[in-house]
Amino acid sequence: MKELITSLFSTLTVQQVTLVISIINIVIVTASLILFVVFMVYFERKIMGYMHARIGPNRVGPKGIFQSLADTIKLLFKEIIIPAKADRFMFLLAPLLLLIPAIAAWAVVPMNPEFLIADINAGLLYLLALTSFGVYGVILAGWASNSKYAFLGSMRAAAQMVAYEIAMGFALVGVLMAGGSLKLGAIVAAQSGGIQNWFFIPLFPLFIVYFISGVAETNRHPFDVAEGEAEIVAGFHVEYSGAAFAIFFLAEYINMALISILTAIFFLGGWESVFSNISILENSVFSFLTQPSIFWLLIKTLFFLFVFVWLRATFPRYRYDQLMTLGWKVLIPITILWIGVECIMFVMEVGPWSSI
Amino acid sequence: MLNEIIFYTFSSILICAALGVILFRNPVYSAVSLILSFITSAFLWFLLESEFLALILILVYVGAVMVLFLFVIMMLNINEQKANSKFNTIAPIALLIGLVILAEMITLIWMKSTQFKETITIIAAPSSENNTLELGKLLFSEYIYPFEIAGFILLLGIIISISLTLRTKKGKKTQIISKQIDIDPSKRVQLVDLERGKN
């Protein structure tokens, strides 16, 4: 790609070529994320339908595949109603504050060893910083709406996100110790060489804690007390309609995809193949199965997205105090304990990092 | 050239945001402009290629401290009029303190600039160096004692604040789920034989 652009525009300097390549990459990632959300909604509704012994959407297009496109068009053309007593500026700013960090976090997510928008040294910290920033969208949306329900939803979201961020951060400390780097590409590289080297085996409790806090961070079922339809109508976005509501929806699904792909990268070896280092396969016609590729990453990501939907279809919502108890009194102690265990494993040289 | 443009853009945003913190009448707007000023100062650190400090600033102040700030401000629901009248009474004292700080800073900068005649240019770290790694190495070797002591002080702070605010109500009725599950049905219900017509 770099060669292509330098040959096309020979007058550009190196800096400008990097800029052009970055912009192209950003456009590719953003466009595929938005397309992903459209089909993810369909995927979710269809799976939930079958889990509930229903058919799900089946009217628009073959098997209802264009249902989400129809919904998108409907949402975009609806009027955005701003409540009379609402704070106009913050009311319109809040959805953007949720969407921008959700998309910006993808800058450091590598798709394969070559495709990466920004290769910064502290990629993992960057991710933590941006996911923690998303909470402002929720808080300000609830406050600016000037509605009791919205305000309650945003208060719940603030407390919940702060609590689960700590568990998430601690789980990532374990990954960071095992991977020996803050770069996501280096973390995947540390897991190469077969399924036995993937971090989910030595760091199994952290893997579970990370995914649970990821579900809580995205405010998805069973942790969606910020929305809580049965208690506070729709929580923080109760006053939003049309495109402003669509942005909340978009941000939620992009965050879901982010958590899924990060779980795959941190614990399931990213683009590494499930079958790598199996000599029978490597010597046969199926040797392409043992090669690392982006498809492995996408398969793992889709699996976690399926788990998100699965949780939503099967679990009842947590009560608020139980949710806080789980975050503070269960998940955080588990992560602290397991980091201690990991330290002992390091000293005893047990685990995939012993060969380093 | 590009660096200068970015620097001046972000520093002017930073100054505007800092002014916004004290000039907005609505406390929520003040808090939001404080968040903006934290983020822009983090960007300035990015320009110096000290990404660790920049990200930690966002992570700690924006991600945790300011969330709680906003939380408290929204819960208190400060009356704008009331806050305004208070501002006027405090203003002279605040102005005095501000002037003292300004004078101190000016003398400090002036003294420094007379001591070192050469202009100070801030040099970014070479990009090959991983400054997160370097910082970690330094913290855990040379500055291990101050680092650990700071950690213990923070831990002490956590424990003290919990013990100050923790109040368990007497006679509080909460479910103990393990007890509920472990209950033996034979101990719950007592079957008594009653003869008909006697009791």
# chains A, B, ... in the order shown; residues from 1 in each chain; ligands from 1
$ interface_residues --of "chain B" --to "chain A" --cutoff "8 Å" --atoms "only C-alpha atoms" --output "list of chain:residue names"
B:Glu51, B:Phe52, B:Leu55, B:Ile56, B:Ile58, B:Leu59, B:Val62, B:Gly63, B:Ala64, B:Val67, B:Phe71, B:Met74, B:Asn130, B:Thr132
$ write_last_selection --atoms "N, CA, C and O atoms" --output "PDB file, in the first residue's frame"
ATOM      1  N   GLU B  51       4.157   9.389  26.343  1.00  0.00           N
ATOM      2  CA  GLU B  51       2.779   8.900  26.251  1.00  0.00           C
ATOM      3  C   GLU B  51       2.307   8.291  27.564  1.00  0.00           C
ATOM      4  O   GLU B  51       1.115   8.333  27.868  1.00  0.00           O
ATOM      5  N   PHE B  52       3.238   7.786  28.363  1.00  0.00           N
ATOM      6  CA  PHE B  52       2.818   7.165  29.623  1.00  0.00           C
ATOM      7  C   PHE B  52       2.156   8.183  30.544  1.00  0.00           C
ATOM      8  O   PHE B  52       1.051   7.977  31.037  1.00  0.00           O
ATOM      9  N   LEU B  55      -1.239   9.382  29.176  1.00  0.00           N
ATOM     10  CA  LEU B  55      -2.338   8.425  29.309  1.00  0.00           C
ATOM     11  C   LEU B  55      -2.736   8.235  30.757  1.00  0.00           C
ATOM     12  O   LEU B  55      -3.907   8.071  31.077  1.00  0.00           O
ATOM     13  N   ILE B  56      -1.736   8.289  31.665  1.00  0.00           N
ATOM     14  CA  ILE B  56      -2.063   8.155  33.081  1.00  0.00           C
ATOM     15  C   ILE B  56      -2.881   9.356  33.549  1.00  0.00           C
ATOM     16  O   ILE B  56      -3.819   9.222  34.333  1.00  0.00           O
ATOM     17  N   ILE B  58      -5.005  11.052  31.736  1.00  0.00           N
ATOM     18  CA  ILE B  58      -6.381  10.838  31.287  1.00  0.00           C
ATOM     19  C   ILE B  58      -7.040   9.754  32.123  1.00  0.00           C
ATOM     20  O   ILE B  58      -8.170   9.893  32.592  1.00  0.00           O
ATOM     21  N   LEU B  59      -6.299   8.668  32.344  1.00  0.00           N
ATOM     22  CA  LEU B  59      -6.867   7.507  33.029  1.00  0.00           C
ATOM     23  C   LEU B  59      -7.270   7.853  34.464  1.00  0.00           C
ATOM     24  O   LEU B  59      -8.372   7.522  34.906  1.00  0.00           O
ATOM     25  N   VAL B  62      -9.234  12.056  34.369  1.00  0.00           N
ATOM     26  CA  VAL B  62     -10.457  12.104  33.578  1.00  0.00           C
ATOM     27  C   VAL B  62     -11.325  10.876  33.854  1.00  0.00           C
ATOM     28  O   VAL B  62     -12.530  10.966  34.027  1.00  0.00           O
ATOM     29  N   GLY B  63     -10.674   9.706  33.905  1.00  0.00           N
ATOM     30  CA  GLY B  63     -11.432   8.468  34.005  1.00  0.00           C
ATOM     31  C   GLY B  63     -11.997   8.184  35.370  1.00  0.00           C
ATOM     32  O   GLY B  63     -13.015   7.517  35.490  1.00  0.00           O
ATOM     33  N   ALA B  64     -11.361   8.676  36.430  1.00  0.00           N
ATOM     34  CA  ALA B  64     -11.846   8.318  37.752  1.00  0.00           C
ATOM     35  C   ALA B  64     -12.206   9.540  38.597  1.00  0.00           C
ATOM     36  O   ALA B  64     -13.335   9.663  39.073  1.00  0.00           O
ATOM     37  N   VAL B  67     -15.053  11.813  37.210  1.00  0.00           N
ATOM     38  CA  VAL B  67     -16.360  11.138  37.222  1.00  0.00           C
ATOM     39  C   VAL B  67     -17.014  11.336  38.583  1.00  0.00           C
ATOM     40  O   VAL B  67     -18.188  11.705  38.689  1.00  0.00           O
ATOM     41  N   PHE B  71     -20.287  13.477  39.572  1.00  0.00           N
ATOM     42  CA  PHE B  71     -21.277  12.739  40.353  1.00  0.00           C
ATOM     43  C   PHE B  71     -21.755  13.592  41.526  1.00  0.00           C
ATOM     44  O   PHE B  71     -22.949  13.819  41.716  1.00  0.00           O
ATOM     45  N   MET B  74     -23.563  16.900  40.456  1.00  0.00           N
ATOM     46  CA  MET B  74     -24.930  16.677  39.998  1.00  0.00           C
ATOM     47  C   MET B  74     -25.857  16.330  41.155  1.00  0.00           C
ATOM     48  O   MET B  74     -27.010  16.740  41.186  1.00  0.00           O
ATOM     49  N   ASN B 130      11.471   3.437  24.437  1.00  0.00           N
ATOM     50  CA  ASN B 130      10.152   3.184  24.987  1.00  0.00           C
ATOM     51  C   ASN B 130      10.126   3.798  26.375  1.00  0.00           C
ATOM     52  O   ASN B 130      10.657   3.220  27.322  1.00  0.00           O
ATOM     53  N   THR B 132       7.818   4.320  28.537  1.00  0.00           N
ATOM     54  CA  THR B 132       7.060   3.631  29.575  1.00  0.00           C
ATOM     55  C   THR B 132       7.956   2.618  30.277  1.00  0.00           C
ATOM     56  O   THR B 132       7.990   2.516  31.504  1.00  0.00           O
TER      57      THR B 132
END
$ select_by_dssp --residues "range 6-175 of chain B" --states "helix (DSSP H, G or I)" --output "PyMOL selection string"
chain B and resi 6-23+27-47+51-76+80-115+131-141+144-165
$ closest_residue --among "A:Trp271, A:Phe236, A:Phe266, A:Tyr149" --to "Gly194 in chain A" --atoms "only C-alpha atoms"
A:Trp271
$ closest_residue --among "A:Leu172, A:Ile280, A:Ala313, A:Leu305" --to "Ala53 in chain A" --atoms "only C-alpha atoms"
A:Ala313
$ atom_distance --atom1 "CA of Ile212 in chain A" --atom2 "CA of Ile159 in chain B"
26.5 Å
$ atom_distance --atom1 "CA of Tyr143 in chain B" --atom2 "CA of Leu156 in chain B"
20.1 Å
$ residues_around --residues "range 8-11 of chain B" --least-positions-apart "5" --cutoff "12 Å" --atoms "only C-alpha atoms" --output "PyMOL selection string"
chain B and resi 1-3+16-18+36-47
$ write_last_selection --atoms "N, CA, C and O atoms" --output "CSV table (one decimal), in the first residue's frame"
chain,number,residue,atom,x,y,z
B,1,MET,N,7.2,22.7,12.2
B,1,MET,CA,6.1,23.5,11.8
B,1,MET,C,4.8,23.0,12.3
B,1,MET,O,4.0,23.6,13.0
B,2,LEU,N,4.5,21.7,11.9
B,2,LEU,CA,3.3,21.0,12.3
B,2,LEU,C,3.2,21.0,13.9
B,2,LEU,O,2.1,21.3,14.4
B,3,ASN,N,4.3,20.7,14.5
B,3,ASN,CA,4.4,20.6,16.0
B,3,ASN,C,4.0,22.0,16.6
B,3,ASN,O,3.2,22.0,17.6
B,16,CYS,N,-8.3,28.5,27.4
B,16,CYS,CA,-9.7,28.8,27.3
B,16,CYS,C,-10.5,27.9,28.3
B,16,CYS,O,-11.4,28.3,29.1
B,17,ALA,N,-10.1,26.6,28.3
B,17,ALA,CA,-10.8,25.6,29.2
B,17,ALA,C,-10.5,26.0,30.6
B,17,ALA,O,-11.4,25.9,31.5
B,18,ALA,N,-9.3,26.4,30.9
B,18,ALA,CA,-9.0,26.7,32.3
B,18,ALA,C,-9.8,28.0,32.8
B,18,ALA,O,-10.2,28.0,33.9
B,36,LEU,N,-11.8,19.0,29.9
B,36,LEU,CA,-11.2,19.4,28.7
B,36,LEU,C,-9.8,19.9,28.9
B,36,LEU,O,-8.9,19.5,28.1
B,37,SER,N,-9.6,20.6,30.0
B,37,SER,CA,-8.2,21.1,30.2
B,37,SER,C,-7.3,20.0,30.5
B,37,SER,O,-6.1,19.9,30.1
B,38,PHE,N,-7.8,18.9,31.2
B,38,PHE,CA,-6.9,17.8,31.5
B,38,PHE,C,-6.5,17.1,30.2
B,38,PHE,O,-5.4,16.7,30.0
B,39,ILE,N,-7.5,16.9,29.3
B,39,ILE,CA,-7.3,16.2,28.1
B,39,ILE,C,-6.3,17.0,27.2
B,39,ILE,O,-5.4,16.4,26.6
B,40,THR,N,-6.5,18.3,27.1
B,40,THR,CA,-5.6,19.1,26.2
B,40,THR,C,-4.2,19.1,26.8
B,40,THR,O,-3.2,19.0,26.1
B,41,SER,N,-4.0,19.1,28.2
B,41,SER,CA,-2.7,19.0,28.7
B,41,SER,C,-2.1,17.7,28.4
B,41,SER,O,-0.9,17.5,28.2
B,42,ALA,N,-2.9,16.6,28.4
B,42,ALA,CA,-2.4,15.3,28.1
B,42,ALA,C,-1.9,15.3,26.6
B,42,ALA,O,-0.9,14.7,26.3
B,43,PHE,N,-2.6,16.0,25.8
B,43,PHE,CA,-2.2,16.1,24.4
B,43,PHE,C,-0.8,16.8,24.3
B,43,PHE,O,0.0,16.4,23.5
B,44,LEU,N,-0.6,17.8,25.1
B,44,LEU,CA,0.7,18.5,25.1
B,44,LEU,C,1.8,17.5,25.5
B,44,LEU,O,2.9,17.6,25.0
B,45,TRP,N,1.5,16.7,26.4
B,45,TRP,CA,2.5,15.7,26.8
B,45,TRP,C,2.8,14.7,25.7
B,45,TRP,O,3.9,14.2,25.5
B,46,PHE,N,1.7,14.4,25.0
B,46,PHE,CA,1.9,13.5,23.8
B,46,PHE,C,2.9,14.1,22.8
B,46,PHE,O,3.7,13.4,22.2
B,47,LEU,N,2.8,15.4,22.7
B,47,LEU,CA,3.8,16.1,21.8
B,47,LEU,C,5.2,15.9,22.2
B,47,LEU,O,6.1,15.9,21.4
$ residues_around --residues "Leu69 in chain A" --least-positions-apart "2" --cutoff "12 Å" --atoms "only C-alpha atoms" --output "ChimeraX atom specification"
/A:34-42,60-61,64-67,71-76
$ closest_residue --among "A:Ala189, A:Leu311, A:Ala157, A:Val175" --to "Ile201 in chain A" --atoms "only C-alpha atoms"
A:Val175
